[in-house]
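Source file: upload14.pdb. Holds: PDB, C-alpha atoms.
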```
ATOM      1  CA  MET A   1       0.000   0.000   0.000  1.00  0.00           C
ATOM      2  CA  ALA A   2       1.309   3.451  -0.907  1.00  0.00           C
ATOM      3  CA  LYS A   3       2.360   5.877   1.771  1.00  0.00           C
ATOM      4  CA  PRO A   4      -0.096   8.814   2.022  1.00  0.00           C
ATOM      5  CA  ALA A   5       1.201  12.013   0.440  1.00  0.00           C
ATOM      6  CA  LEU A   6       1.846  15.047   2.590  1.00  0.00           C
ATOM      7  CA  ALA A   7      -0.504  18.006   2.138  1.00  0.00           C
ATOM      8  CA  GLU A   8       2.249  19.949   0.338  1.00  0.00           C
ATOM      9  CA  GLU A   9       2.853  17.091  -2.116  1.00  0.00           C
ATOM     10  CA  ARG A  10      -0.857  16.705  -2.845  1.00  0.00           C
ATOM     11  CA  HIS A  11      -1.087  20.417  -3.591  1.00  0.00           C
ATOM     12  CA  THR A  12       1.874  20.247  -5.974  1.00  0.00           C
ATOM     13  CA  LYS A  13       0.510  17.187  -7.779  1.00  0.00           C
ATOM     14  CA  ASN A  14      -2.914  18.761  -8.212  1.00  0.00           C
ATOM     15  CA  ALA A  15      -1.620  22.173  -9.287  1.00  0.00           C
ATOM     16  CA  ARG A  16      -2.793  23.141 -12.769  1.00  0.00           C
ATOM     17  CA  ALA A  17      -0.698  24.989 -15.305  1.00  0.00           C
ATOM     18  CA  LYS A  18      -1.657  28.565 -15.951  1.00  0.00           C
ATOM     19  CA  PRO A  19      -3.046  29.218 -19.453  1.00  0.00           C
ATOM     20  CA  ALA A  20       0.070  31.257 -20.307  1.00  0.00           C
ATOM     21  CA  ASP A  21       2.230  28.195 -19.532  1.00  0.00           C
ATOM     22  CA  VAL A  22       0.278  25.860 -21.816  1.00  0.00           C
ATOM     23  CA  ARG A  23       1.377  25.546 -25.434  1.00  0.00           C
ATOM     24  CA  PRO A  24      -0.357  23.433 -28.063  1.00  0.00           C
ATOM     25  CA  LEU A  25       1.641  20.495 -29.351  1.00  0.00           C
ATOM     26  CA  ASP A  26       3.132  20.934 -32.772  1.00  0.00           C
ATOM     27  CA  LEU A  27       1.607  17.926 -34.524  1.00  0.00           C
ATOM     28  CA  ASP A  28       2.180  17.227 -38.174  1.00  0.00           C
ATOM     29  CA  ARG A  29      -1.368  17.220 -39.524  1.00  0.00           C
ATOM     30  CA  LEU A  30      -0.278  15.157 -42.525  1.00  0.00           C
ATOM     31  CA  ILE A  31       0.707  12.171 -40.423  1.00  0.00           C
ATOM     32  CA  HIS A  32      -1.905  12.480 -37.695  1.00  0.00           C
ATOM     33  CA  GLU A  33      -4.818  11.623 -39.958  1.00  0.00           C
ATOM     34  CA  ARG A  34      -6.130   8.240 -38.753  1.00  0.00           C
ATOM     35  CA  MET A  35      -5.314   6.124 -41.838  1.00  0.00           C
ATOM     36  CA  ARG A  36      -1.886   7.698 -42.368  1.00  0.00           C
ATOM     37  CA  LEU A  37      -0.974   7.203 -38.733  1.00  0.00           C
ATOM     38  CA  GLY A  38      -2.063   3.584 -39.090  1.00  0.00           C
ATOM     39  CA  ILE A  39       0.192   3.120 -42.116  1.00  0.00           C
ATOM     40  CA  VAL A  40       3.216   4.642 -40.378  1.00  0.00           C
ATOM     41  CA  SER A  41       2.520   2.676 -37.182  1.00  0.00           C
ATOM     42  CA  ALA A  42       2.272  -0.607 -39.085  1.00  0.00           C
ATOM     43  CA  LEU A  43       5.529   0.115 -40.882  1.00  0.00           C
ATOM     44  CA  ALA A  44       7.248   1.109 -37.641  1.00  0.00           C
ATOM     45  CA  VAL A  45       6.989  -2.479 -36.377  1.00  0.00           C
ATOM     46  CA  ASN A  46       7.550  -4.164 -39.762  1.00  0.00           C
ATOM     47  CA  ASP A  47      10.533  -3.597 -42.052  1.00  0.00           C
ATOM     48  CA  SER A  48       8.186  -3.659 -45.015  1.00  0.00           C
ATOM     49  CA  LEU A  49       4.660  -4.734 -45.890  1.00  0.00           C
ATOM     50  CA  SER A  50       3.066  -5.553 -49.202  1.00  0.00           C
ATOM     51  CA  PHE A  51       0.211  -3.368 -50.364  1.00  0.00           C
ATOM     52  CA  ASN A  52      -2.251  -6.232 -49.827  1.00  0.00           C
ATOM     53  CA  ASP A  53      -0.933  -7.032 -46.336  1.00  0.00           C
ATOM     54  CA  LEU A  54      -1.205  -3.383 -45.331  1.00  0.00           C
ATOM     55  CA  LYS A  55      -4.681  -3.127 -46.846  1.00  0.00           C
ATOM     56  CA  LYS A  56      -5.842  -6.200 -44.914  1.00  0.00           C
ATOM     57  CA  LEU A  57      -4.222  -5.027 -41.670  1.00  0.00           C
ATOM     58  CA  LEU A  58      -5.853  -1.579 -41.874  1.00  0.00           C
ATOM     59  CA  GLN A  59      -9.132  -2.946 -43.251  1.00  0.00           C
ATOM     60  CA  THR A  60      -9.336  -0.405 -46.035  1.00  0.00           C
ATOM     61  CA  THR A  61      -9.834  -0.263 -49.784  1.00  0.00           C
ATOM     62  CA  ASP A  62      -7.255  -0.161 -52.569  1.00  0.00           C
ATOM     63  CA  GLY A  63      -8.106   3.439 -53.413  1.00  0.00           C
ATOM     64  CA  ASN A  64      -8.056   4.697 -49.847  1.00  0.00           C
ATOM     65  CA  LEU A  65      -4.716   3.061 -49.039  1.00  0.00           C
ATOM     66  CA  SER A  66      -3.221   4.222 -52.331  1.00  0.00           C
ATOM     67  CA  VAL A  67      -4.149   7.877 -51.773  1.00  0.00           C
ATOM     68  CA  HIS A  68      -2.843   7.963 -48.205  1.00  0.00           C
ATOM     69  CA  ALA A  69       0.356   6.069 -49.034  1.00  0.00           C
ATOM     70  CA  ARG A  70       1.034   8.456 -51.923  1.00  0.00           C
ATOM     71  CA  LYS A  71       0.656  11.485 -49.593  1.00  0.00           C
ATOM     72  CA  LEU A  72       3.078   9.949 -47.104  1.00  0.00           C
ATOM     73  CA  GLU A  73       5.549   9.112 -49.865  1.00  0.00           C
ATOM     74  CA  GLU A  74       5.400  12.668 -51.257  1.00  0.00           C
ATOM     75  CA  ALA A  75       6.145  13.999 -47.772  1.00  0.00           C
ATOM     76  CA  GLY A  76       9.104  11.642 -47.370  1.00  0.00           C
ATOM     77  CA  TYR A  77       7.668   9.438 -44.610  1.00  0.00           C
ATOM     78  CA  LEU A  78       7.928   6.229 -46.649  1.00  0.00           C
ATOM     79  CA  THR A  79       8.893   4.846 -50.014  1.00  0.00           C
ATOM     80  CA  CYS A  80       6.736   2.630 -52.176  1.00  0.00           C
ATOM     81  CA  SER A  81       8.207   0.105 -54.567  1.00  0.00           C
TER      82      SER A  81
END
```

Can the structure from this file be put into structure tokens for me?
Amino acid sequence: MAKPALAEERHTKNARAKPADVRPLDLDRLIHERMRLGIVSALAVNDSLSFNDLKKLLQTTDGNLSVHARKLEEAGYLTCS
């Protein structure tokens, strides 16, 4: 069982950042689209995947996968062969 936190520690843990201290994350909108993130994630754990394997894994259509893969290739995230 964990040791109870002191009042000072609880206050520090529950303290919220002031709005001036909060900055939005700089996310690359190109890669953070659901299907594109899925493609990059699948390729991060596999050296390579065939088009059909990737299509089956992501449960998508030929056209949808093709369009998203092309966008990622144009941006330099992956290469298609």

**Report entry** Resolved residues for the PyMOL selection byres ((chain A and resi 30-38) around 9) as a list in words
**Finding:**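 Taken on the displayed file, the PyMOL selection byres ((chain A and resi 30-38) around 9) yields the residues Leu27, Asp28, Arg29, Ile39, Val40, Ser41, Ala42, Leu43, Leu58, Thr60, Asn64, Leu65, His68, Ala69, Lys71, Leu72, Ala75 and Tyr77 of chain A.
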
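With atom CA of Gly63 of chain A on one side and atom CA of Asp47 of chain A on the other, the separation reads 22.9 Å.
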
Requested in this report: Work out how far atom CA of Asp26 of chain A is from atom CA of Ser66 of chain A, in Å to one decimal.
Outcome: 26.5 Å

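Relative to atom CA of Leu49 of chain A, atom CA of Thr79 of chain A is found at 11.3 Å.
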
Edge lengths and centre, in Å to one decimal, as AutoDock Vina command-line options: that's what I need for the box along x, y and z that holds all listed atoms of segment 26-32 of chain A plus 4 Å on each side.
```
--center_x 0.6 --center_y 16.6 --center_z -37.6 --size_x 13.0 --size_y 16.8 --size_z 17.8
```

Query - Nearby residues (only C-alpha atoms) at most 12 Å from Ser81 of chain A, same-chain spacing under 5 positions excluded, as a VMD selection string - result: chain A and resid 48 to 51 69 to 70 73
